[in-house]
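**Student:** Input structure: work-v6.cif, which contains mmCIF, C-alpha atoms.
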data_work
loop_
_atom_site.label_atom_id
_atom_site.label_comp_id
_atom_site.auth_asym_id
_atom_site.auth_seq_id
_atom_site.Cartn_x
_atom_site.Cartn_y
_atom_site.Cartn_z
CA MET A 1 9.63 -4.56 29.20
CA PRO A 2 7.03 -5.61 26.56
CA SER A 3 8.30 -6.64 23.13
CA LEU A 4 8.25 -4.06 20.32
CA ASN A 5 5.33 -5.91 18.73
CA ARG A 6 3.30 -5.60 21.93
CA GLN A 7 4.32 -1.97 22.45
CA ILE A 8 3.03 -1.09 18.96
CA LEU A 9 -0.27 -2.88 19.57
CA ILE A 10 -0.77 -1.13 22.93
CA ALA A 11 0.11 2.24 21.34
CA ALA A 12 -2.41 1.69 18.53
CA CYS A 13 -5.21 0.90 21.02
CA LEU A 14 -4.33 3.91 23.19
CA GLY A 15 -4.20 6.18 20.14
CA VAL A 16 -7.73 5.18 19.08
CA LEU A 17 -9.08 5.63 22.63
CA ILE A 18 -7.44 9.03 23.22
CA GLY A 19 -8.51 10.27 19.77
CA TRP A 20 -12.08 9.13 20.44
CA GLY A 21 -12.05 10.94 23.79
CA LEU A 22 -10.74 14.17 22.20
CA GLY A 23 -13.62 14.05 19.72
CA PHE A 24 -16.01 14.95 22.56
CA LEU A 25 -14.11 18.13 23.46
CA PRO A 26 -14.88 21.53 21.82
CA ALA A 27 -12.56 22.43 18.93
CA GLU A 28 -11.14 25.43 20.86
CA GLN A 29 -10.52 23.47 24.07
CA GLY A 30 -6.90 23.99 25.18
CA VAL A 31 -6.31 20.32 26.03
CA ARG A 32 -7.59 19.18 22.63
CA THR A 33 -5.52 21.76 20.75
CA GLY A 34 -2.37 20.93 22.71
CA VAL A 35 -2.70 17.16 22.30
CA LEU A 36 -3.41 17.47 18.56
CA TYR A 37 -0.42 19.79 18.10
CA ALA A 38 1.87 17.37 19.95
CA SER A 39 0.44 14.44 17.95
CA THR A 40 1.00 16.26 14.67
CA LEU A 41 4.59 17.05 15.64
CA VAL A 42 5.49 13.53 16.79
CA GLY A 43 3.66 11.89 13.86
CA SER A 44 5.42 14.15 11.36
CA ILE A 45 8.83 13.30 12.84
CA PHE A 46 8.11 9.55 12.66
CA ILE A 47 6.86 9.74 9.05
CA GLY A 48 9.82 11.96 8.18
CA MET A 49 12.30 9.40 9.50
CA LEU A 50 10.64 6.62 7.53
CA LYS A 51 10.74 8.73 4.36
CA MET A 52 14.37 9.64 5.08
CA ILE A 53 15.39 5.98 4.87
CA LEU A 54 12.92 5.01 2.12
CA VAL A 55 14.70 6.03 -1.10
CA PRO A 56 18.17 4.65 -0.30
CA LEU A 57 16.55 1.47 1.05
CA ILE A 58 14.47 0.85 -2.10
CA PHE A 59 17.43 1.48 -4.39
CA THR A 60 19.90 -0.63 -2.43
CA SER A 61 17.55 -3.54 -1.69
CA ILE A 62 16.52 -3.90 -5.34
CA VAL A 63 20.09 -3.59 -6.65
CA VAL A 64 21.32 -6.27 -4.22
CA GLY A 65 18.23 -8.43 -4.68
CA VAL A 66 18.40 -8.40 -8.50
CA ALA A 67 22.16 -8.99 -8.50
CA ASN A 68 21.74 -12.02 -6.24
CA LEU A 69 18.81 -13.36 -8.25
CA GLN A 70 20.67 -12.93 -11.55
CA ALA A 71 23.72 -14.64 -10.13
CA HIS A 72 21.62 -17.68 -9.25
CA HIS A 73 19.68 -17.62 -12.57
CA GLN A 74 16.38 -17.17 -10.70
CA VAL A 75 15.36 -13.74 -11.92
CA ASN A 76 12.98 -14.89 -14.69
CA ARG A 77 11.17 -17.25 -12.35
CA VAL A 78 10.86 -14.56 -9.68
CA TRP A 79 9.60 -11.94 -12.18
CA ILE A 80 6.94 -14.22 -13.62
CA THR A 81 5.78 -15.58 -10.25
CA THR A 82 5.58 -12.08 -8.77
CA LEU A 83 3.56 -10.60 -11.64
CA VAL A 84 1.16 -13.58 -11.76
CA TYR A 85 0.60 -13.24 -8.00
CA PHE A 86 -0.07 -9.49 -8.35
CA VAL A 87 -2.65 -10.03 -11.12
CA ILE A 88 -4.45 -12.83 -9.24
CA THR A 89 -4.76 -10.94 -5.94
CA LEU A 90 -5.80 -7.67 -7.61
CA SER A 91 -8.46 -9.52 -9.61
CA LEU A 92 -9.81 -11.29 -6.52
CA ALA A 93 -9.97 -8.01 -4.59
CA MET A 94 -12.01 -6.28 -7.28
CA LEU A 95 -14.32 -9.27 -7.76
CA VAL A 96 -15.11 -9.16 -4.02
CA ALA A 97 -15.82 -5.41 -4.27
CA LEU A 98 -18.05 -5.68 -7.34
CA LEU A 99 -20.00 -8.65 -5.96
CA ALA A 100 -20.63 -7.06 -2.54
CA THR A 101 -21.54 -3.67 -4.02
CA ASN A 102 -24.04 -5.26 -6.43
CA ILE A 103 -25.66 -7.17 -3.56
CA PHE A 104 -25.91 -4.38 -0.97
CA LYS A 105 -26.15 -1.34 -3.32
CA PRO A 106 -24.70 1.33 -0.97
CA GLY A 107 -25.76 4.87 -1.81
CA ALA A 108 -29.04 3.87 -3.47
CA ASP A 109 -31.02 5.42 -0.58
CA LEU A 110 -28.94 8.62 -0.29
CA PRO A 111 -30.20 11.68 -2.20
CA ILE A 112 -27.46 13.20 -4.37
CA THR A 113 -28.66 16.67 -3.26
CA LEU A 114 -26.88 16.02 0.07
CA PHE A 115 -23.59 16.34 -1.77
CA ALA A 116 -24.54 18.93 -4.41
CA ASP A 117 -22.52 21.76 -2.83
CA ALA A 118 -19.38 19.62 -2.55
CA MET A 119 -19.69 18.51 -6.18
CA ASP A 120 -20.26 22.05 -7.43
CA ALA A 121 -17.25 23.39 -5.53
CA PHE A 122 -14.89 20.62 -6.61
CA GLU A 123 -12.96 20.72 -9.85
CA ALA A 124 -11.63 17.28 -10.75
CA ARG A 125 -8.36 16.90 -12.58
CA GLN A 126 -9.24 14.60 -15.47
CA LEU A 127 -7.07 12.25 -17.53
CA THR A 128 -8.06 9.99 -20.38
CA ILE A 129 -6.67 6.45 -20.34
CA ALA A 130 -4.28 7.44 -23.16
CA GLU A 131 -3.02 10.41 -21.11
CA PHE A 132 -2.70 8.20 -18.04
CA PHE A 133 -0.44 5.75 -19.89
CA LEU A 134 1.61 8.67 -21.21
CA HIS A 135 2.16 9.94 -17.64
CA PHE A 136 2.81 6.44 -16.35
CA PHE A 137 5.48 5.46 -18.88
CA ALA A 138 7.06 8.92 -18.91
CA ASN A 139 7.59 8.58 -15.17
CA LEU A 140 9.26 5.18 -15.48
CA PHE A 141 12.45 6.67 -16.90
CA GLN A 142 13.78 9.80 -15.21
CA ASN A 143 17.05 11.38 -14.27
CA PRO A 144 17.91 9.18 -11.27
CA PHE A 145 19.06 12.14 -9.18
CA ALA A 146 15.75 13.93 -9.83
CA ALA A 147 13.89 10.72 -9.00
CA PHE A 148 15.82 10.38 -5.72
CA ALA A 149 15.16 14.03 -4.83
CA ASN A 150 11.45 13.88 -5.70
CA GLY A 151 10.82 10.43 -4.24
CA SER A 152 9.59 9.02 -7.58
CA ILE A 153 9.45 5.42 -6.38
CA LEU A 154 8.67 3.71 -9.68
CA ALA A 155 11.51 5.50 -11.47
CA ILE A 156 13.90 4.51 -8.66
CA VAL A 157 12.77 0.88 -8.96
CA VAL A 158 13.43 0.88 -12.72
CA PHE A 159 16.88 2.48 -12.34
CA ALA A 160 17.78 0.00 -9.58
CA LEU A 161 16.74 -2.91 -11.81
CA PHE A 162 19.14 -1.72 -14.52
CA ILE A 163 22.01 -1.28 -12.04
CA GLY A 164 21.41 -4.72 -10.51
CA ILE A 165 21.46 -6.41 -13.93
CA ALA A 166 24.57 -4.43 -14.93
CA LEU A 167 26.40 -5.58 -11.78
CA VAL A 168 25.80 -9.19 -12.78
CA ALA A 169 26.69 -8.59 -16.44
CA GLY A 170 30.00 -7.02 -15.33
CA GLY A 171 30.94 -10.12 -13.33
CA GLU A 172 34.09 -9.91 -11.23
CA ARG A 173 34.81 -6.40 -12.45
CA TYR A 174 31.97 -4.95 -10.32
CA GLN A 175 32.20 -7.25 -7.30
CA GLY A 176 33.59 -4.41 -5.18
CA ILE A 177 30.52 -2.25 -5.93
CA LEU A 178 28.19 -5.13 -5.14
CA ARG A 179 29.91 -5.77 -1.80
CA LEU A 180 29.65 -2.05 -1.01
CA MET A 181 25.92 -2.14 -1.80
CA GLN A 182 25.45 -5.18 0.44
CA GLU A 183 27.23 -3.47 3.33
CA PHE A 184 25.24 -0.28 2.77
CA LEU A 185 22.02 -2.33 2.93
CA GLU A 186 23.16 -3.80 6.27
CA LEU A 187 23.82 -0.25 7.48
CA LEU A 188 20.33 0.91 6.44
CA LEU A 189 18.73 -2.04 8.24
CA GLN A 190 20.62 -1.01 11.38
CA VAL A 191 19.17 2.52 11.09
CA ILE A 192 15.67 1.05 10.61
CA GLY A 193 16.16 -0.84 13.88
CA TRP A 194 16.77 2.49 15.63
CA ILE A 195 13.73 4.14 14.01
CA MET A 196 11.56 1.23 15.10
CA ARG A 197 12.27 2.06 18.75
CA LEU A 198 10.18 5.22 18.19
CA ALA A 199 7.43 3.39 16.26
CA PRO A 200 5.03 2.99 19.24
CA LEU A 201 5.16 6.72 19.95
CA GLY A 202 4.75 7.63 16.27
CA ILE A 203 1.78 5.30 15.80
CA LEU A 204 0.15 6.57 19.00
CA ALA A 205 0.42 10.17 17.71
CA LEU A 206 -0.84 9.39 14.20
CA LEU A 207 -3.91 7.51 15.41
CA ILE A 208 -4.83 10.17 18.00
CA ARG A 209 -4.99 12.76 15.22
CA LEU A 210 -6.77 10.48 12.74
CA VAL A 211 -9.59 9.51 15.12
CA ALA A 212 -10.02 12.96 16.72
CA GLU A 213 -10.44 14.79 13.41
CA GLN A 214 -13.19 12.63 11.89
CA ASP A 215 -16.52 14.34 11.10
CA VAL A 216 -18.99 12.07 12.90
CA SER A 217 -22.12 13.44 11.18
CA LEU A 218 -20.63 12.78 7.74
CA LEU A 219 -19.54 9.29 8.78
CA VAL A 220 -23.13 8.51 9.86
CA THR A 221 -24.46 9.75 6.50
CA MET A 222 -22.01 7.56 4.57
CA LEU A 223 -22.20 4.67 7.05
CA GLY A 224 -23.42 2.04 4.57
CA PHE A 225 -20.59 2.64 2.13
CA ILE A 226 -17.95 2.87 4.88
CA VAL A 227 -19.09 -0.43 6.43
CA LEU A 228 -19.13 -2.12 3.01
CA VAL A 229 -15.59 -0.97 2.15
CA PHE A 230 -14.27 -1.98 5.57
CA ALA A 231 -16.01 -5.37 5.40
CA THR A 232 -14.87 -6.25 1.87
CA THR A 233 -11.33 -5.03 2.48
CA LEU A 234 -11.09 -7.01 5.71
CA PHE A 235 -12.54 -10.08 3.96
CA HIS A 236 -9.76 -9.84 1.40
CA GLY A 237 -7.16 -9.31 4.13
CA VAL A 238 -8.43 -11.89 6.62
CA VAL A 239 -9.72 -14.64 4.31
CA ILE A 240 -8.39 -14.41 0.75
CA LEU A 241 -4.75 -13.41 1.28
CA PRO A 242 -4.18 -15.76 4.27
CA GLY A 243 -5.95 -18.47 2.25
CA ILE A 244 -3.49 -18.04 -0.63
CA LEU A 245 -0.62 -18.05 1.86
CA TYR A 246 -1.82 -21.28 3.49
CA LEU A 247 -2.45 -23.05 0.17
CA VAL A 248 1.01 -22.24 -1.18
CA THR A 249 3.23 -22.29 1.91
CA GLY A 250 1.23 -24.21 4.55
CA LYS A 251 1.83 -21.33 7.02
CA SER A 252 -1.02 -20.35 9.33
CA PRO A 253 -2.57 -16.85 9.30
CA LEU A 254 -1.73 -16.42 13.01
CA TRP A 255 1.95 -17.11 12.33
CA PHE A 256 1.84 -14.53 9.52
CA TRP A 257 0.03 -11.85 11.52
CA ARG A 258 2.40 -12.21 14.47
CA GLY A 259 5.38 -11.78 12.19
CA SER A 260 3.98 -8.88 10.16
CA ARG A 261 2.10 -7.02 12.91
CA GLU A 262 4.59 -4.13 13.10
CA ALA A 263 4.22 -3.44 9.36
CA LEU A 264 0.43 -3.80 9.29
CA ILE A 265 -0.15 -1.45 12.24
CA THR A 266 2.32 1.08 10.79
CA ALA A 267 0.54 0.90 7.41
CA PHE A 268 -2.81 1.48 9.18
CA ALA A 269 -1.46 4.50 11.05
CA THR A 270 0.50 6.11 8.19
CA SER A 271 -1.77 5.17 5.25
CA SER A 272 1.37 4.87 3.14
CA SER A 273 2.69 1.63 1.64
CA ALA A 274 5.89 3.40 0.65
CA ALA A 275 6.55 4.86 4.10
CA THR A 276 5.88 1.40 5.62
CA LEU A 277 8.31 -0.34 3.25
CA PRO A 278 11.34 -0.22 5.59
CA ILE A 279 9.29 -1.98 8.27
CA SER A 280 7.76 -4.42 5.76
CA LEU A 281 11.26 -5.48 4.68
CA ARG A 282 12.33 -5.87 8.29
CA CYS A 283 9.29 -8.03 9.14
CA ALA A 284 9.62 -10.19 6.01
CA GLU A 285 13.33 -10.88 6.46
CA GLN A 286 13.72 -11.05 10.23
CA ASN A 287 10.33 -12.32 11.45
CA LEU A 288 9.03 -14.35 8.50
CA HIS A 289 12.44 -15.46 7.19
CA VAL A 290 11.94 -14.53 3.54
CA ARG A 291 15.25 -14.61 1.68
CA ARG A 292 16.69 -11.11 1.36
CA SER A 293 17.06 -11.36 -2.43
CA ILE A 294 13.32 -12.18 -2.76
CA ALA A 295 12.07 -9.64 -0.19
CA GLY A 296 14.31 -6.93 -1.64
CA PHE A 297 12.78 -7.49 -5.06
CA VAL A 298 9.09 -8.28 -4.37
CA LEU A 299 8.32 -5.75 -1.61
CA PRO A 300 9.57 -2.52 -3.27
CA LEU A 301 7.89 -3.59 -6.52
CA GLY A 302 4.69 -4.44 -4.65
CA ALA A 303 4.70 -1.07 -2.85
CA THR A 304 4.38 0.61 -6.25
CA MET A 305 2.40 -1.92 -8.30
CA ASN A 306 0.41 -4.26 -6.05
CA MET A 307 -2.44 -2.31 -4.44
CA ASP A 308 -5.19 -4.83 -3.59
CA GLY A 309 -6.94 -2.52 -1.13
CA THR A 310 -6.80 0.45 -3.51
CA ALA A 311 -8.17 -1.55 -6.46
CA LEU A 312 -10.98 -2.91 -4.26
CA TYR A 313 -11.86 0.59 -3.03
CA GLU A 314 -11.87 2.17 -6.50
CA ALA A 315 -14.13 -0.55 -7.91
CA ALA A 316 -16.56 -0.24 -4.97
CA ALA A 317 -16.48 3.58 -5.11
CA ALA A 318 -17.38 3.62 -8.82
CA LEU A 319 -20.51 1.53 -8.18
CA PHE A 320 -21.34 3.62 -5.09
CA VAL A 321 -21.26 6.82 -7.17
CA ALA A 322 -23.39 5.12 -9.85
CA ASN A 323 -25.98 4.26 -7.19
CA LEU A 324 -25.93 7.84 -5.88
CA VAL A 325 -26.65 9.36 -9.28
CA GLY A 326 -29.21 6.68 -10.19
CA ILE A 327 -27.25 4.93 -12.97
CA GLU A 328 -27.26 1.14 -13.15
CA LEU A 329 -24.01 -0.10 -14.67
CA SER A 330 -24.28 -3.05 -17.05
CA PHE A 331 -22.06 -6.13 -16.80
CA ALA A 332 -19.88 -4.77 -19.63
CA GLN A 333 -19.52 -1.41 -17.87
CA GLN A 334 -18.56 -3.18 -14.63
CA MET A 335 -15.87 -5.07 -16.53
CA VAL A 336 -14.58 -1.69 -17.74
CA VAL A 337 -14.47 -0.61 -14.07
CA PHE A 338 -12.64 -3.86 -13.25
CA PHE A 339 -9.84 -3.37 -15.78
CA THR A 340 -9.59 0.41 -15.34
CA ALA A 341 -9.29 0.06 -11.54
CA MET A 342 -6.58 -2.58 -12.02
CA ILE A 343 -4.59 -0.29 -14.32
CA ALA A 344 -5.19 2.75 -12.10
CA SER A 345 -4.16 1.03 -8.85
CA THR A 346 -1.04 -0.42 -10.50
CA GLY A 347 0.09 2.89 -11.92
CA ALA A 348 -1.06 5.14 -9.10
CA PRO A 349 2.39 6.05 -7.68
CA GLY A 350 3.63 7.19 -11.12
CA ILE A 351 1.67 10.45 -11.34
CA PRO A 352 1.03 13.47 -9.08
CA SER A 353 -2.08 13.46 -6.86
CA ALA A 354 -2.27 9.77 -7.65
CA GLY A 355 -5.34 8.71 -5.66
CA MET A 356 -7.63 11.49 -6.87
CA VAL A 357 -6.51 11.34 -10.49
CA THR A 358 -6.84 7.58 -10.82
CA MET A 359 -10.23 7.56 -9.09
CA VAL A 360 -11.43 10.18 -11.57
CA MET A 361 -10.17 7.96 -14.41
CA VAL A 362 -12.23 5.01 -13.14
CA LEU A 363 -15.36 7.18 -12.92
CA GLN A 364 -14.81 8.63 -16.40
CA ALA A 365 -14.33 5.20 -17.94
CA VAL A 366 -18.05 4.43 -17.45
CA GLY A 367 -19.41 7.95 -17.91
CA LEU A 368 -19.89 8.85 -14.25
CA PRO A 369 -19.45 12.51 -13.17
CA ALA A 370 -15.82 13.16 -12.22
CA GLU A 371 -16.99 15.80 -9.73
CA ALA A 372 -18.50 13.01 -7.63
CA ILE A 373 -15.04 12.36 -6.23
CA ALA A 374 -15.77 15.32 -3.92
CA ILE A 375 -18.24 13.04 -2.11
CA LEU A 376 -15.46 10.55 -1.36
CA LEU A 377 -12.69 12.95 -0.30
CA PRO A 378 -13.95 13.66 3.27
CA ILE A 379 -14.03 9.95 4.14
CA ASP A 380 -10.98 8.95 2.11
CA ARG A 381 -8.46 9.35 4.96
CA LEU A 382 -10.45 7.00 7.19
CA LEU A 383 -10.89 4.35 4.48
CA ASP A 384 -7.24 4.69 3.47
CA THR A 385 -6.12 3.18 6.78
CA VAL A 386 -7.53 -0.30 6.17
CA ARG A 387 -6.86 -0.43 2.44
CA THR A 388 -3.21 0.52 2.98
CA ALA A 389 -2.83 -2.20 5.62
CA VAL A 390 -4.23 -4.71 3.11
CA ASN A 391 -1.94 -3.34 0.38
CA VAL A 392 1.05 -4.01 2.64
CA GLU A 393 -0.30 -7.40 3.71
CA GLY A 394 -0.63 -8.39 0.05
CA ASP A 395 3.00 -7.45 -0.59
CA ILE A 396 4.33 -9.41 2.39
CA VAL A 397 2.20 -12.45 1.53
CA GLY A 398 3.53 -12.12 -2.02
CA SER A 399 7.14 -12.24 -0.83
CA LEU A 400 6.39 -15.46 1.12
CA VAL A 401 4.54 -17.04 -1.84
CA VAL A 402 7.28 -16.15 -4.33
CA ASP A 403 10.00 -17.33 -1.94
CA LYS A 404 8.24 -20.68 -1.49
CA LEU A 405 7.50 -21.26 -5.18
CA VAL A 406 10.99 -20.29 -6.33
CA HIS A 407 12.58 -22.40 -3.58
CA ARG A 408 10.31 -25.32 -4.55
CA GLY A 409 11.44 -24.88 -8.16
CA ASP A 410 15.08 -25.02 -7.06
CA GLU A 411 14.48 -28.27 -5.17
CA SER A 412 12.83 -29.90 -8.20
CA VAL A 413 15.82 -29.19 -10.48
#
Can you give me the file's structure in the form of structure tokens?

**Tutor:**
Amino acid sequence: MPSLNRQILIAACLGVLIGWGLGFLPAEQGVRTGVLYASTLVGSIFIGMLKMILVPLIFTSIVVGVANLQAHHQVNRVWITTLVYFVITLSLAMLVALLATNIFKPGADLPITLFADAMDAFEARQLTIAEFFLHFFANLFQNPFAAFANGSILAIVVFALFIGIALVAGGERYQGILRLMQEFLELLLQVIGWIMRLAPLGILALLIRLVAEQDVSLLVTMLGFIVLVFATTLFHGVVILPGILYLVTGKSPLWFWRGSREALITAFATSSSAATLPISLRCAEQNLHVRRSIAGFVLPLGATMNMDGTALYEAAAALFVANLVGIELSFAQQMVVFFTAMIASTGAPGIPSAGMVTMVMVLQAVGLPAEAIAILLPIDRLLDTVRTAVNVEGDIVGSLVVDKLVHRGDESV
């Protein structure tokens, strides 16, 4: 019996092949319809199970992680190291995007008339930066029960941080609650182990549907931009992030990819950092041996705030749209794109329709037509696969980097 890692890899390859084969069949073909229906059903069940475990896992892992960090007086060091890592990797991702897009200029040879109908029919929901911050901070503090019910991840993270700190401040008085939380976390990890047995089937189903439903003619039209986004995102994921990991921890990229393969393939198939979080935690703790207190703090925070792939995509997309409409952005305008994309990718989970709204904000920041997002929507699902995998990779690398730096700091005391 192959290992789970190998089963997931085989399932991913089969899913791409079967989906590609279905793309040649007529839309009304019975075999195609039946396979796509079955894939949708199985994929929905798998995603549903991951979402089922997501909210209690985020809350419990952060409460336990913060309580353990506070108890060992490490929390300030972990906070600072985590946030510095997030800023550095986000900045590097956007620099790669801006540099590559300036060199290759995707979209400069495509007439905007090709997309006129889509732009006319699309009504973008627009937010100013001031309105964005209002939404973002308003969503930080919510009724916790409403946040749990609605899956408001950032609000759950903030509430869990408060509870974790309160458990430490209460000392012995709340030790019973802390022990209960620790046992509940063990219970959730047991359930995740069961869900992972179905992961190969779920990933197979999700990738069959993803590949089969792509519009090939549109992909050919947008080929230059698609290749550029894939190439820059993969460069960040294959060169920059592993390079940071090696410089800080001395661990090889192959060791990292073997240990995190389940999470990266799941992120690719689901296009959801949040839905992948249970598997990311499992890989970090069990395969890569990150301390639970560090993984339980860095990974849930990273799933809401550290979006390297998203920031890279939004920066590249802004310049792509500028090329399409014949506007050359100055260095100052590109710096506006840089900082706006960083803010937008960090705050994306805090507002409804996050991806579309934040992309519109980046376009507006430099005077580009918000309606141009209609050009990007048909290819967004395809591009989302790789950028989500890199988002998750950045979080897991971050947990290893923070674990190493904090542990090194402990040894030097």

**Student:** Which residues of range 35-93 of chain A have any atom within 9 Å of an atom in range 397-406 of chain A when counting only C-alpha atoms, and what is the closest pair of atoms for each, with the distance in Å to one decimal? Order the rows by chain and rising number and write it as a Markdown table.

**Tutor:**
| residue | atom | partner | partner_atom | distance |
| --- | --- | --- | --- | --- |
| A:Gln74 | CA | A:Val406 | CA | 7.6 |
| A:Arg77 | CA | A:Val406 | CA | 6.7 |
| A:Val78 | CA | A:Val402 | CA | 6.6 |
| A:Thr81 | CA | A:Val402 | CA | 6.1 |
| A:Thr82 | CA | A:Val402 | CA | 6.3 |
| A:Tyr85 | CA | A:Gly398 | CA | 6.8 |
| A:Phe86 | CA | A:Gly398 | CA | 7.7 |

**Student:** Starting from the point (-3.6, 10.2, 17.2), work out which residues of protein, DNA or RNA have an atom no more than 12 Å away when counting only C-alpha atoms; state them as a ChimeraX atom specification.

**Tutor:** /A:11-23,32,35-44,200-214,268-270

**Student:** Given the choices A:Ile375, A:Ala370, A:Leu99, A:Ala199, which gets closest to Phe331 in chain A if the distance is worked out from all atoms listed in the file?

**Tutor:**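 Once distances to Phe331 in chain A are computed over all atoms listed in the file, the minimum belongs to A:Leu99.
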
**Student:** If we count only C-alpha atoms and set the cut-off at 12 Å, which residues sit around Ala316 in chain A, ignoring sequence neighbours fewer than 2 positions away in its own chain? Please answer as a PyMOL selection string.

**Tutor:** chain A and resi 93-107+224-233+309-314+318-323+334+337-338+341+359+362-363+376+383

**Student:** Quick one: pull the distance between CA of Phe24 in chain A and CA of Ile10 in chain A, Å, one decimal.

**Tutor:**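 CA of Ile10 in chain A lies at a distance of 22.2 Å from CA of Phe24 in chain A.
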
**Student:** Residues near Gly296 in chain A, anyone? I mean within 12 Å using all atoms listed in the file, not counting same-chain ones fewer than 5 positions away, as a ChimeraX atom specification.

**Tutor:** /A:57-69,78,157,160-161,164,182,185,189,277-278,280-285,290-291,301-303,395-396,398-400,402-403

**Student:** Nearest to Leu198 in chain A among A:Ile163, A:Ala146, A:Leu50, A:Ala372, with distances taken over all atoms listed in the file: which residue is it?

**Tutor:**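 Closest to Leu198 in chain A of all the choices is A:Leu50.
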
**Student:** Once the PyMOL selection byres ((chain A and resi 272-275) around 10) is applied to the coordinates I shared, what remains selected? I want it as a VMD selection string.

**Tutor:** chain A and resid 46 to 55 58 151 153 263 to 264 266 to 271 276 to 280 299 to 300 302 to 304 306 to 307 349 384 to 385 387 to 393 395

**Student:** Any idea what the distance is between CA of Ala365 in chain A and CA of Thr340 in chain A?

**Tutor:**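 A separation of 7.2 Å between them.
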
**Student:** Out of A:Val239, A:Leu219, A:Leu140, A:Val158, which residue has the shortest atom-to-atom distance to Leu92 in chain A when counting only C-alpha atoms?

**Tutor:**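 Closest candidate: A:Val239.
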